[in-house]
>>> print(open('work-v3.cif').read())   # mmCIF, C-alpha atoms
data_model
#
loop_
_atom_site.label_atom_id
_atom_site.label_comp_id
_atom_site.auth_asym_id
_atom_site.auth_seq_id
_atom_site.Cartn_x
_atom_site.Cartn_y
_atom_site.Cartn_z
CA MET A 1 23.75 -85.76 -60.51
CA LYS A 2 20.58 -87.84 -60.69
CA SER A 3 18.29 -87.56 -57.69
CA GLU A 4 18.61 -91.31 -57.08
CA ASP A 5 22.42 -91.05 -57.00
CA ALA A 6 22.19 -88.10 -54.61
CA LEU A 7 19.98 -90.18 -52.33
CA LEU A 8 22.42 -93.11 -52.33
CA GLU A 9 25.35 -90.77 -51.72
CA SER A 10 23.57 -89.36 -48.66
CA LEU A 11 23.31 -92.89 -47.28
CA PHE A 12 27.04 -93.40 -47.82
CA HIS A 13 27.82 -90.22 -45.91
CA ALA A 14 25.48 -91.27 -43.08
CA ALA A 15 27.30 -94.59 -42.84
CA VAL A 16 30.70 -92.89 -42.79
CA ALA A 17 29.58 -90.32 -40.22
CA ALA A 18 28.51 -93.10 -37.85
CA ALA A 19 32.07 -94.46 -37.91
CA GLN A 20 33.89 -91.18 -37.30
CA PRO A 21 36.18 -91.50 -34.28
CA GLU A 22 35.11 -88.26 -32.63
CA LYS A 23 31.65 -89.80 -32.24
CA THR A 24 32.75 -93.23 -31.05
CA ILE A 25 36.04 -93.07 -29.16
CA GLY A 26 34.88 -91.23 -26.03
CA ARG A 27 32.86 -94.07 -24.58
CA TYR A 28 35.83 -96.48 -24.70
CA LEU A 29 38.55 -94.37 -23.09
CA PRO A 30 40.41 -96.25 -20.31
CA GLU A 31 41.24 -94.93 -16.87
CA LYS A 32 44.33 -92.78 -16.67
CA PRO A 33 47.41 -94.66 -15.48
CA LYS A 34 49.81 -93.84 -12.64
CA GLY A 35 52.58 -93.49 -15.22
CA ARG A 36 52.76 -92.44 -18.85
CA THR A 37 50.11 -92.71 -21.56
CA VAL A 38 51.65 -93.77 -24.86
CA VAL A 39 49.77 -94.03 -28.16
CA VAL A 40 50.57 -96.31 -31.09
CA GLY A 41 48.48 -96.98 -34.14
CA ALA A 42 48.21 -97.92 -37.78
CA GLY A 43 45.62 -97.82 -40.53
CA LYS A 44 44.03 -95.52 -43.04
CA GLY A 45 42.04 -93.76 -40.31
CA SER A 46 44.66 -93.87 -37.55
CA ALA A 47 45.51 -90.15 -37.76
CA GLN A 48 41.86 -89.19 -37.29
CA LEU A 49 41.63 -91.63 -34.37
CA ALA A 50 44.71 -90.00 -32.84
CA ARG A 51 43.26 -86.50 -33.18
CA ALA A 52 39.95 -87.59 -31.64
CA LEU A 53 41.82 -89.21 -28.76
CA GLU A 54 43.83 -86.03 -28.16
CA ASP A 55 40.65 -83.95 -28.12
CA GLN A 56 38.96 -86.20 -25.56
CA TRP A 57 41.85 -87.38 -23.36
CA ASP A 58 42.20 -85.51 -20.09
CA GLY A 59 45.91 -85.71 -19.42
CA PRO A 60 49.33 -85.86 -21.05
CA LEU A 61 50.05 -88.34 -23.82
CA SER A 62 52.51 -88.94 -26.64
CA GLY A 63 53.08 -91.51 -29.34
CA THR A 64 53.13 -92.37 -33.04
CA VAL A 65 50.64 -93.61 -35.62
CA VAL A 66 51.20 -94.65 -39.23
CA THR A 67 48.67 -93.86 -41.97
CA ARG A 68 48.49 -93.93 -45.75
CA TYR A 69 50.05 -91.20 -47.87
CA GLY A 70 47.58 -88.33 -48.11
CA TYR A 71 45.53 -89.44 -45.09
CA ALA A 72 47.39 -87.53 -42.36
CA CYS A 73 45.88 -84.79 -40.22
CA ASP A 74 47.35 -82.44 -37.64
CA CYS A 75 47.85 -83.74 -34.11
CA LYS A 76 49.31 -81.78 -31.19
CA HIS A 77 51.12 -84.51 -29.25
CA ILE A 78 51.02 -87.64 -31.41
CA THR A 79 53.38 -87.96 -34.35
CA VAL A 80 51.68 -88.97 -37.62
CA LEU A 81 53.83 -90.84 -40.13
CA GLU A 82 52.77 -91.75 -43.69
CA ALA A 83 53.56 -94.87 -45.68
CA SER A 84 52.39 -96.81 -48.73
CA HIS A 85 49.16 -98.76 -49.10
CA PRO A 86 48.27 -101.34 -50.42
CA VAL A 87 51.88 -102.33 -51.23
CA PRO A 88 54.35 -101.64 -48.37
CA ASP A 89 57.42 -99.43 -48.68
CA GLU A 90 60.53 -98.31 -46.79
CA ALA A 91 58.58 -95.60 -44.97
CA GLY A 92 56.31 -98.29 -43.55
CA MET A 93 59.32 -100.21 -42.24
CA LYS A 94 60.58 -97.08 -40.52
CA GLY A 95 57.08 -96.54 -39.12
CA ALA A 96 57.04 -100.06 -37.65
CA GLU A 97 60.46 -99.44 -36.10
CA LYS A 98 59.18 -96.18 -34.60
CA LEU A 99 56.23 -97.96 -33.01
CA PHE A 100 58.60 -100.42 -31.33
CA GLU A 101 60.70 -97.49 -30.08
CA THR A 102 57.56 -95.84 -28.72
CA VAL A 103 56.66 -98.81 -26.49
CA ASN A 104 60.21 -99.69 -25.47
CA GLY A 105 61.12 -99.47 -21.79
CA LEU A 106 57.63 -99.01 -20.38
CA SER A 107 56.64 -100.10 -16.87
CA GLU A 108 53.58 -101.73 -15.37
CA ASP A 109 52.39 -98.26 -14.34
CA ASP A 110 52.24 -97.12 -17.98
CA LEU A 111 49.34 -97.36 -20.43
CA VAL A 112 49.51 -98.02 -24.17
CA ILE A 113 46.47 -97.02 -26.23
CA ALA A 114 46.58 -98.74 -29.62
CA LEU A 115 44.51 -97.15 -32.40
CA ILE A 116 44.05 -99.81 -35.08
CA CYS A 117 42.00 -99.79 -38.29
CA GLY A 118 41.99 -101.22 -41.79
CA GLY A 119 45.07 -100.82 -43.93
CA GLY A 120 47.50 -101.38 -41.07
CA SER A 121 48.78 -104.66 -42.50
CA SER A 122 50.38 -102.95 -45.49
CA LEU A 123 51.42 -99.86 -43.55
CA LEU A 124 53.53 -101.84 -41.05
CA PRO A 125 55.96 -104.06 -42.94
CA ALA A 126 58.37 -105.71 -40.50
CA PRO A 127 59.92 -108.69 -42.27
CA PRO A 128 61.55 -111.38 -40.12
CA PRO A 129 65.26 -112.28 -40.46
CA GLY A 130 66.07 -113.60 -43.92
CA VAL A 131 63.07 -111.86 -45.53
CA THR A 132 63.45 -108.50 -47.30
CA LEU A 133 61.03 -105.65 -47.89
CA ALA A 134 60.94 -106.67 -51.56
CA ASP A 135 59.89 -110.14 -50.46
CA GLU A 136 57.11 -108.72 -48.30
CA LYS A 137 55.94 -106.58 -51.23
CA ALA A 138 55.78 -109.72 -53.39
CA LEU A 139 53.77 -111.47 -50.69
CA ASN A 140 51.32 -108.57 -50.51
CA GLU A 141 50.88 -108.47 -54.28
CA ALA A 142 50.30 -112.23 -54.38
CA LEU A 143 47.69 -112.00 -51.63
CA LEU A 144 45.88 -109.02 -53.20
CA GLY A 145 45.48 -110.91 -56.46
CA SER A 146 44.62 -114.28 -54.94
CA GLY A 147 40.92 -113.80 -54.22
CA ALA A 148 41.48 -114.79 -50.59
CA PRO A 149 39.26 -113.06 -48.00
CA ILE A 150 40.95 -110.51 -45.76
CA ASP A 151 41.08 -112.69 -42.64
CA GLU A 152 42.94 -115.41 -44.54
CA MET A 153 45.34 -112.88 -46.06
CA ASN A 154 46.07 -111.56 -42.59
CA CYS A 155 46.62 -115.05 -41.21
CA ILE A 156 49.52 -115.45 -43.64
CA ARG A 157 50.80 -111.92 -43.08
CA LYS A 158 51.06 -112.34 -39.32
CA HIS A 159 53.35 -115.34 -39.76
CA VAL A 160 55.71 -113.31 -41.96
CA SER A 161 56.08 -110.34 -39.63
CA MET A 162 57.86 -109.15 -36.52
CA ILE A 163 55.03 -106.78 -35.50
CA LYS A 164 51.72 -108.43 -36.40
CA GLY A 165 49.84 -111.12 -34.47
CA GLY A 166 50.15 -109.35 -31.11
CA ARG A 167 53.91 -108.84 -31.24
CA LEU A 168 53.71 -105.06 -30.76
CA ALA A 169 51.69 -105.57 -27.57
CA LEU A 170 54.26 -108.03 -26.25
CA ALA A 171 56.99 -105.47 -26.92
CA ALA A 172 55.12 -103.08 -24.62
CA HIS A 173 55.11 -105.54 -21.70
CA PRO A 174 54.71 -105.00 -18.77
CA ALA A 175 52.60 -101.94 -19.67
CA ARG A 176 48.84 -102.41 -19.98
CA VAL A 177 47.56 -102.22 -23.56
CA VAL A 178 44.08 -101.03 -24.54
CA SER A 179 43.28 -101.53 -28.24
CA LEU A 180 40.58 -99.32 -29.79
CA ILE A 181 39.70 -100.82 -33.15
CA VAL A 182 37.69 -99.68 -36.15
CA SER A 183 36.74 -102.96 -37.79
CA ASP A 184 36.92 -103.50 -41.54
CA ILE A 185 36.72 -107.28 -41.09
CA PRO A 186 33.53 -109.27 -41.71
CA GLY A 187 32.52 -110.65 -38.33
CA ASP A 188 34.53 -107.98 -36.45
CA VAL A 189 37.28 -110.32 -35.23
CA ALA A 190 39.69 -107.88 -33.60
CA ALA A 191 42.77 -110.04 -34.18
CA HIS A 192 42.22 -109.88 -37.94
CA VAL A 193 42.03 -106.08 -38.25
CA ALA A 194 45.40 -104.88 -39.64
CA SER A 195 46.70 -108.38 -38.85
CA GLY A 196 46.41 -107.62 -35.14
CA PRO A 197 49.62 -105.84 -34.12
CA THR A 198 48.31 -105.69 -30.54
CA VAL A 199 45.86 -108.60 -30.57
CA ALA A 200 46.91 -112.25 -30.89
CA SER A 201 44.82 -114.85 -32.71
CA HIS A 202 44.47 -118.62 -32.59
CA ASN A 203 45.46 -119.03 -36.25
CA THR A 204 48.45 -121.36 -36.40
CA LEU A 205 51.44 -121.72 -38.68
CA GLU A 206 49.91 -124.86 -40.15
CA HIS A 207 46.79 -122.86 -40.99
CA ALA A 208 48.94 -120.32 -42.84
CA ARG A 209 50.74 -123.10 -44.72
CA ALA A 210 47.41 -124.61 -45.75
CA LEU A 211 46.24 -121.26 -47.13
CA VAL A 212 49.41 -120.88 -49.19
CA ARG A 213 48.70 -124.30 -50.72
CA ARG A 214 44.99 -123.61 -51.24
CA TYR A 215 45.58 -120.41 -53.20
CA ALA A 216 48.72 -121.73 -54.93
CA LEU A 217 50.55 -118.56 -53.94
CA ALA A 218 53.79 -117.91 -55.79
CA LEU A 219 55.99 -116.71 -52.95
CA PRO A 220 59.63 -115.63 -52.82
CA ALA A 221 61.95 -118.44 -51.78
CA SER A 222 62.82 -116.66 -48.54
CA ILE A 223 59.18 -116.52 -47.43
CA HIS A 224 58.59 -120.13 -48.41
CA THR A 225 61.64 -121.17 -46.35
CA HIS A 226 60.46 -119.02 -43.45
CA LEU A 227 56.98 -120.54 -43.41
CA MET A 228 58.36 -124.06 -43.62
CA SER A 229 60.52 -123.50 -40.55
CA ASP A 230 59.15 -124.96 -37.32
CA ALA A 231 60.89 -122.12 -35.49
CA VAL A 232 58.21 -119.71 -36.73
CA THR A 233 55.78 -119.17 -33.88
CA ALA A 234 53.12 -116.50 -33.43
CA PRO A 235 52.06 -115.30 -29.98
CA SER A 236 49.20 -117.19 -28.37
CA PRO A 237 46.22 -115.33 -26.90
CA GLU A 238 46.82 -117.40 -23.75
CA ASP A 239 50.27 -115.87 -23.26
CA PRO A 240 50.21 -114.42 -19.71
CA ARG A 241 51.80 -111.22 -20.97
CA PHE A 242 48.44 -110.34 -22.57
CA ALA A 243 46.70 -110.52 -19.18
CA GLY A 244 44.91 -107.32 -18.30
CA HIS A 245 44.83 -106.04 -21.87
CA GLU A 246 41.53 -104.69 -23.25
CA VAL A 247 40.18 -104.83 -26.79
CA HIS A 248 37.23 -102.72 -27.97
CA ILE A 249 35.57 -102.52 -31.40
CA ILE A 250 34.55 -98.85 -31.51
CA ALA A 251 33.09 -98.76 -35.04
CA SER A 252 31.93 -101.42 -37.48
CA ALA A 253 30.01 -102.06 -40.69
CA GLN A 254 26.83 -103.02 -38.83
CA ILE A 255 26.69 -99.73 -36.94
CA SER A 256 27.25 -97.81 -40.18
CA LEU A 257 24.63 -99.78 -42.12
CA GLU A 258 22.09 -99.08 -39.36
CA ALA A 259 22.85 -95.38 -39.68
CA ALA A 260 22.34 -95.56 -43.45
CA ALA A 261 19.04 -97.41 -42.99
CA TRP A 262 17.86 -94.73 -40.56
CA GLU A 263 18.79 -92.02 -43.07
CA ALA A 264 16.87 -93.83 -45.83
CA ARG A 265 13.74 -94.08 -43.71
CA ASN A 266 14.09 -90.44 -42.72
CA ARG A 267 13.94 -89.66 -46.45
CA GLY A 268 10.83 -91.79 -46.95
CA PHE A 269 12.32 -95.07 -48.20
CA GLU A 270 12.18 -98.47 -46.56
CA ALA A 271 15.66 -99.97 -46.13
CA VAL A 272 16.74 -103.56 -45.56
CA ILE A 273 20.16 -104.65 -44.31
CA LEU A 274 21.05 -107.88 -46.08
CA SER A 275 24.28 -108.48 -44.15
CA ASP A 276 27.27 -106.64 -42.75
CA ALA A 277 29.64 -109.53 -43.50
CA ILE A 278 29.30 -110.51 -47.16
CA GLU A 279 32.44 -112.08 -48.60
CA GLY A 280 33.27 -113.74 -51.92
CA GLU A 281 34.31 -112.88 -55.46
CA ALA A 282 33.03 -109.37 -56.19
CA ARG A 283 31.51 -110.18 -59.59
CA GLU A 284 29.75 -113.25 -58.17
CA ILE A 285 28.34 -111.36 -55.19
CA ALA A 286 26.99 -108.88 -57.73
CA HIS A 287 25.00 -111.65 -59.44
CA MET A 288 23.24 -112.40 -56.16
CA HIS A 289 22.41 -108.74 -55.53
CA ALA A 290 21.19 -108.29 -59.11
CA ALA A 291 18.97 -111.36 -58.92
CA MET A 292 17.37 -110.08 -55.73
CA ALA A 293 16.87 -106.60 -57.18
CA ARG A 294 15.26 -108.10 -60.28
CA GLN A 295 12.89 -110.26 -58.18
CA ILE A 296 11.84 -107.25 -56.13
CA SER A 297 11.41 -105.05 -59.20
CA LEU A 298 9.37 -107.53 -61.23
CA ARG A 299 7.46 -109.45 -58.56
CA GLY A 300 7.58 -107.41 -55.35
CA GLN A 301 9.26 -110.30 -53.55
CA PRO A 302 10.58 -110.57 -50.88
CA PHE A 303 10.17 -106.81 -50.36
CA ALA A 304 7.68 -104.31 -51.74
CA THR A 305 8.96 -101.35 -53.72
CA PRO A 306 10.30 -98.78 -53.25
CA VAL A 307 13.05 -100.27 -51.11
CA ILE A 308 16.78 -99.84 -50.61
CA LEU A 309 18.99 -102.89 -50.11
CA LEU A 310 22.04 -102.26 -47.93
CA SER A 311 25.01 -104.58 -47.45
CA GLY A 312 28.59 -104.53 -46.22
CA GLY A 313 31.54 -106.83 -45.72
CA GLU A 314 34.55 -107.25 -47.95
CA THR A 315 34.45 -108.89 -51.34
CA THR A 316 37.58 -110.01 -53.16
CA VAL A 317 38.90 -109.87 -56.72
CA THR A 318 40.95 -112.58 -58.35
CA LEU A 319 43.17 -110.66 -60.75
CA ARG A 320 43.08 -112.01 -64.27
CA HIS A 321 44.56 -108.88 -65.88
CA ASN A 322 46.14 -105.72 -64.56
CA GLY A 323 43.24 -103.36 -65.10
CA ARG A 324 42.33 -100.41 -62.90
CA GLY A 325 39.68 -100.65 -60.28
CA GLY A 326 38.94 -102.13 -56.89
CA ARG A 327 36.49 -104.64 -55.53
CA ASN A 328 33.57 -102.19 -55.27
CA THR A 329 33.82 -100.97 -58.86
CA GLU A 330 34.22 -104.57 -60.04
CA PHE A 331 31.10 -105.53 -58.09
CA LEU A 332 29.21 -102.63 -59.64
CA LEU A 333 30.29 -103.33 -63.22
CA SER A 334 29.12 -106.92 -62.88
CA LEU A 335 25.85 -105.65 -61.39
CA ALA A 336 25.45 -103.16 -64.25
CA LEU A 337 25.74 -105.94 -66.81
CA ASP A 338 23.15 -108.05 -64.99
CA MET A 339 20.62 -105.20 -64.82
CA ASP A 340 21.35 -103.89 -68.32
CA GLY A 341 18.17 -102.31 -69.70
CA MET A 342 16.17 -102.65 -66.49
CA PRO A 343 14.45 -99.42 -65.39
CA GLY A 344 14.03 -98.26 -61.84
CA ILE A 345 17.17 -99.79 -60.28
CA HIS A 346 20.01 -97.57 -59.08
CA ALA A 347 23.12 -98.62 -57.16
CA LEU A 348 26.17 -97.28 -55.36
CA ALA A 349 29.09 -99.42 -54.24
CA ALA A 350 32.01 -97.77 -52.45
CA ASP A 351 34.76 -98.30 -49.91
CA THR A 352 34.05 -96.37 -46.71
CA ASP A 353 37.67 -95.18 -46.48
CA GLY A 354 37.20 -93.20 -49.69
CA ILE A 355 39.55 -95.23 -51.91
CA ASP A 356 38.67 -98.37 -53.87
CA GLY A 357 41.76 -100.07 -55.25
CA SER A 358 44.65 -97.97 -56.51
CA GLU A 359 42.80 -95.00 -58.07
CA ASP A 360 41.25 -91.97 -56.37
CA ASN A 361 37.61 -93.09 -56.40
CA ALA A 362 35.72 -94.75 -53.56
CA GLY A 363 33.47 -96.57 -56.01
CA ALA A 364 30.84 -95.66 -58.59
CA PHE A 365 27.14 -95.33 -59.42
CA ALA A 366 25.24 -97.59 -61.81
CA ASP A 367 21.74 -98.13 -63.15
CA GLY A 368 20.01 -99.95 -65.98
CA HIS A 369 21.53 -97.58 -68.56
CA THR A 370 25.17 -97.81 -67.41
CA ALA A 371 26.22 -100.70 -69.64
CA THR A 372 24.72 -98.91 -72.64
CA ALA A 373 26.54 -95.70 -71.73
CA ILE A 374 29.85 -97.58 -71.69
CA ARG A 375 29.12 -99.06 -75.13
CA GLU A 376 28.17 -95.64 -76.47
CA ALA A 377 31.55 -94.38 -75.22
CA GLY A 378 33.24 -96.98 -77.42
CA ALA A 379 33.99 -99.89 -75.09
CA ASP A 380 32.57 -103.31 -74.26
CA PRO A 381 31.65 -103.44 -70.54
CA ALA A 382 31.94 -107.23 -70.46
CA GLU A 383 35.44 -107.04 -71.92
CA LEU A 384 36.44 -104.40 -69.37
CA LEU A 385 35.15 -106.63 -66.58
CA ALA A 386 37.18 -109.53 -67.94
CA LYS A 387 40.25 -107.29 -67.81
CA ASN A 388 39.54 -106.14 -64.23
CA ASP A 389 39.22 -102.58 -65.59
CA ALA A 390 36.07 -101.45 -63.80
CA TRP A 391 37.58 -98.02 -63.20
CA GLY A 392 37.97 -97.56 -66.95
CA ALA A 393 34.35 -98.59 -67.48
CA PHE A 394 32.88 -96.09 -65.03
CA ASP A 395 35.27 -93.38 -66.17
CA LEU A 396 33.76 -93.79 -69.64
CA ALA A 397 30.25 -93.76 -68.17
CA GLY A 398 31.08 -90.65 -66.14
CA THR A 399 29.77 -92.13 -62.87
CA LEU A 400 32.86 -92.57 -60.69
CA PHE A 401 32.28 -91.64 -57.05
CA VAL A 402 35.17 -89.59 -55.63
CA PRO A 403 34.46 -88.31 -52.10
CA GLY A 404 38.13 -88.28 -51.03
CA PRO A 405 39.58 -89.83 -47.85
CA THR A 406 36.91 -90.18 -45.17
CA GLY A 407 39.06 -90.65 -42.06
CA THR A 408 37.55 -94.02 -41.20
CA ASN A 409 37.23 -97.52 -42.65
CA VAL A 410 34.41 -99.98 -42.01
CA ASN A 411 34.76 -101.75 -45.32
CA ASP A 412 32.44 -102.03 -48.31
CA PHE A 413 29.20 -100.09 -48.57
CA ARG A 414 26.55 -101.15 -51.08
CA ALA A 415 23.16 -99.54 -51.57
CA ILE A 416 20.66 -100.54 -54.26
CA LEU A 417 17.45 -98.54 -54.75
CA ILE A 418 14.60 -100.43 -56.44
CA ARG A 419 11.75 -98.18 -57.54
#
>>> encode(input="work-v3.cif", output="structure tokens")
Amino acid sequence: MKSEDALLESLFHAAVAAAQPEKTIGRYLPEKPKGRTVVVGAGKGSAQLARALEDQWDGPLSGTVVTRYGYACDCKHITVLEASHPVPDEAGMKGAEKLFETVNGLSEDDLVIALICGGGSSLLPAPPPGVTLADEKALNEALLGSGAPIDEMNCIRKHVSMIKGGRLALAAHPARVVSLIVSDIPGDVAAHVASGPTVASHNTLEHARALVRRYALALPASIHTHLMSDAVTAPSPEDPRFAGHEVHIIASAQISLEAAAWEARNRGFEAVILSDAIEGEAREIAHMHAAMARQISLRGQPFATPVILLSGGETTVTLRHNGRGGRNTEFLLSLALDMDGMPGIHALAADTDGIDGSEDNAGAFADGHTATAIREAGADPAELLAKNDAWGAFDLAGTLFVPGPTGTNVNDFRAILIR
């Protein structure tokens, strides 16, 4: 591995470490109740959250969390179920049913601790009457290929669900609910993380309908009929049954980027956080980052070299073909084309949960020679980008980044070193 890549990887690990639940959950633990303590949760890091809670909770507890296949870990008292992500499956439906069973029949003396993080939307399919699991899969696939930002995707999802949009919290009434959330949403709006199973939002049905029109989503007839029905209502945050509930963001992209910046400075490099909430088409966001890197490299503006640019958020990909690769590898392939032939620029883009898209990589590394390396391996990097096959491009270049599941999820991590 190149020394520059090793440096950027160390920043990624610093960012991930700052979001690990064992470091963050302790300061947000609620008071013990008179009655039972019940745990529910969903997301790609929910099992690790559950284990951290068990380790730091002084008292009896029980419950269930749902995580992605391959992301489970051992818990003593909390049951960990696995389901499919990013496209929901039957196991996810059973997981959603189990969460409802877990909170059924509680009293006002009981406490529900909800452990919520990114990925929960897909892991908890709970289609309303008249809508099938196959229909919800089709909705998810349409949303994933639409280019819509995550908060808008989740606005639609919560209106086609029996568990999202605060409905799980209402099912726990009259028990008090405390939601501990690892945010993968730009802006850290708690109601948007995993489509808010325990947190209601102000997004309305008309808002969801407008988004369907804006993105020209091809939806199953049953979902279209459901969304057109005036009987579809999502819980309001003003509902008195939410009174007394607490919501805490315990980890976020900003905290992780600050940790990465500290690590960079500790290694002798100045670091600048551009933003923790960058959204937009991945390949277009890459153009902006490349232009800034070029200006710094050639003119020393607006920052002197050497410097590391850090950014987070969640970009999107509008699928034009069915290639392999996620938003971070697509960002990086576009960046590699823009800095083709430029010396002294090195970049890492990766998803902090350890998986970018549907393959086993979190992201990839790139520099001014990457596009040439792909050509020398017999492919056209621009053609691979057009086919949404960024994974194939970096596989040819030999620079995929595969750290494995990290146990947390605070969204995209981008680091660009300019010598």
>>> closest_residue(input="work-v3.cif", among="A:Arg27, A:Asn328, A:Gly70, A:Ile273", to="Ala261 (chain A)", atoms="all atoms listed in the file")
A:Ile273
>>> resolve_selection(input="work-v3.cif", expression="the PyMOL selection byres ((chain A and resi 380) around 12)", output="mmCIF file with C-alpha atoms, in the frame of the given file")
data_model
loop_
_atom_site.group_PDB
_atom_site.id
_atom_site.type_symbol
_atom_site.label_atom_id
_atom_site.label_comp_id
_atom_site.auth_asym_id
_atom_site.auth_seq_id
_atom_site.Cartn_x
_atom_site.Cartn_y
_atom_site.Cartn_z
ATOM 1 C CA LEU A 333 30.290 -103.330 -63.220
ATOM 2 C CA LEU A 337 25.740 -105.940 -66.810
ATOM 3 C CA THR A 370 25.170 -97.810 -67.410
ATOM 4 C CA ALA A 371 26.220 -100.700 -69.640
ATOM 5 C CA THR A 372 24.720 -98.910 -72.640
ATOM 6 C CA ALA A 373 26.540 -95.700 -71.730
ATOM 7 C CA ILE A 374 29.850 -97.580 -71.690
ATOM 8 C CA ARG A 375 29.120 -99.060 -75.130
ATOM 9 C CA GLU A 376 28.170 -95.640 -76.470
ATOM 10 C CA ALA A 377 31.550 -94.380 -75.220
ATOM 11 C CA GLY A 378 33.240 -96.980 -77.420
ATOM 12 C CA ALA A 379 33.990 -99.890 -75.090
ATOM 13 C CA PRO A 381 31.650 -103.440 -70.540
ATOM 14 C CA ALA A 382 31.940 -107.230 -70.460
ATOM 15 C CA GLU A 383 35.440 -107.040 -71.920
ATOM 16 C CA LEU A 384 36.440 -104.400 -69.370
ATOM 17 C CA LEU A 385 35.150 -106.630 -66.580
ATOM 18 C CA ALA A 386 37.180 -109.530 -67.940
ATOM 19 C CA LYS A 387 40.250 -107.290 -67.810
ATOM 20 C CA ASP A 389 39.220 -102.580 -65.590
ATOM 21 C CA ALA A 390 36.070 -101.450 -63.800
ATOM 22 C CA GLY A 392 37.970 -97.560 -66.950
ATOM 23 C CA ALA A 393 34.350 -98.590 -67.480
ATOM 24 C CA PHE A 394 32.880 -96.090 -65.030
ATOM 25 C CA LEU A 396 33.760 -93.790 -69.640
ATOM 26 C CA ALA A 397 30.250 -93.760 -68.170
#
>>> residues_around(input="work-v3.cif", residues="region 317-319 of chain A", least_positions_apart="2", cutoff="9 Å", atoms="all atoms listed in the file", output="PyMOL selection string")
chain A and resi 144-148+280-283+315+321-323+326-327+330+387-388
>>> resolve_selection(input="work-v3.cif", expression="the PyMOL selection byres ((chain A and resi 110-121) around 8)", output="compact mmCIF listing (two decimals) with C-alpha atoms, keeping the file's coordinate frame")
# COMPACT_ATOMS: atom_id res chain seq x y z
CA LYS A 32 44.33 -92.78 -16.67
CA PRO A 33 47.41 -94.66 -15.48
CA LYS A 34 49.81 -93.84 -12.64
CA GLY A 35 52.58 -93.49 -15.22
CA ARG A 36 52.76 -92.44 -18.85
CA THR A 37 50.11 -92.71 -21.56
CA VAL A 38 51.65 -93.77 -24.86
CA VAL A 39 49.77 -94.03 -28.16
CA VAL A 40 50.57 -96.31 -31.09
CA GLY A 41 48.48 -96.98 -34.14
CA ALA A 42 48.21 -97.92 -37.78
CA GLY A 43 45.62 -97.82 -40.53
CA LYS A 44 44.03 -95.52 -43.04
CA GLY A 45 42.04 -93.76 -40.31
CA SER A 46 44.66 -93.87 -37.55
CA LEU A 49 41.63 -91.63 -34.37
CA ALA A 50 44.71 -90.00 -32.84
CA VAL A 65 50.64 -93.61 -35.62
CA VAL A 66 51.20 -94.65 -39.23
CA THR A 67 48.67 -93.86 -41.97
CA ARG A 68 48.49 -93.93 -45.75
CA HIS A 85 49.16 -98.76 -49.10
CA PRO A 86 48.27 -101.34 -50.42
CA VAL A 103 56.66 -98.81 -26.49
CA LEU A 106 57.63 -99.01 -20.38
CA SER A 107 56.64 -100.10 -16.87
CA GLU A 108 53.58 -101.73 -15.37
CA ASP A 109 52.39 -98.26 -14.34
CA SER A 122 50.38 -102.95 -45.49
CA LEU A 123 51.42 -99.86 -43.55
CA LEU A 124 53.53 -101.84 -41.05
CA PRO A 125 55.96 -104.06 -42.94
CA ASN A 154 46.07 -111.56 -42.59
CA ARG A 157 50.80 -111.92 -43.08
CA LYS A 164 51.72 -108.43 -36.40
CA ALA A 172 55.12 -103.08 -24.62
CA ALA A 175 52.60 -101.94 -19.67
CA ARG A 176 48.84 -102.41 -19.98
CA VAL A 177 47.56 -102.22 -23.56
CA VAL A 178 44.08 -101.03 -24.54
CA SER A 179 43.28 -101.53 -28.24
CA LEU A 180 40.58 -99.32 -29.79
CA ILE A 181 39.70 -100.82 -33.15
CA VAL A 182 37.69 -99.68 -36.15
CA SER A 183 36.74 -102.96 -37.79
CA ASP A 184 36.92 -103.50 -41.54
CA VAL A 193 42.03 -106.08 -38.25
CA ALA A 194 45.40 -104.88 -39.64
CA SER A 195 46.70 -108.38 -38.85
CA THR A 198 48.31 -105.69 -30.54
CA THR A 408 37.55 -94.02 -41.20
CA ASN A 409 37.23 -97.52 -42.65
CA VAL A 410 34.41 -99.98 -42.01
>>> resolve_selection(input="work-v3.cif", expression="the PyMOL selection byres ((chain A and resi 358) around 10)", output="PyMOL selection string")
chain A and resi 85-87+324-326+355-357+359-362+391
>>> atom_distance(input="work-v3.cif", atom1="CA of Pro127 (chain A)", atom2="CA of Leu211 (chain A)")
19.2 Å
>>> atom_distance(input="work-v3.cif", atom1="CA of Leu219 (chain A)", atom2="CA of Thr233 (chain A)")
19.2 Å
>>> residues_around(input="work-v3.cif", residues="Glu263 (chain A)", least_positions_apart="2", cutoff="8 Å", atoms="only C-alpha atoms", output="PDB file with C-alpha atoms, in the frame of the given file")
ATOM      1  CA  SER A  10      23.570 -89.360 -48.660  1.00  0.00           C
ATOM      2  CA  LEU A  11      23.310 -92.890 -47.280  1.00  0.00           C
ATOM      3  CA  ALA A  14      25.480 -91.270 -43.080  1.00  0.00           C
ATOM      4  CA  ALA A 259      22.850 -95.380 -39.680  1.00  0.00           C
ATOM      5  CA  ALA A 260      22.340 -95.560 -43.450  1.00  0.00           C
ATOM      6  CA  ALA A 261      19.040 -97.410 -42.990  1.00  0.00           C
ATOM      7  CA  ARG A 265      13.740 -94.080 -43.710  1.00  0.00           C
ATOM      8  CA  ASN A 266      14.090 -90.440 -42.720  1.00  0.00           C
ATOM      9  CA  ARG A 267      13.940 -89.660 -46.450  1.00  0.00           C
TER      10      ARG A 267
END
>>> atom_distance(input="work-v3.cif", atom1="CA of His346 (chain A)", atom2="CA of Leu417 (chain A)")
5.1 Å
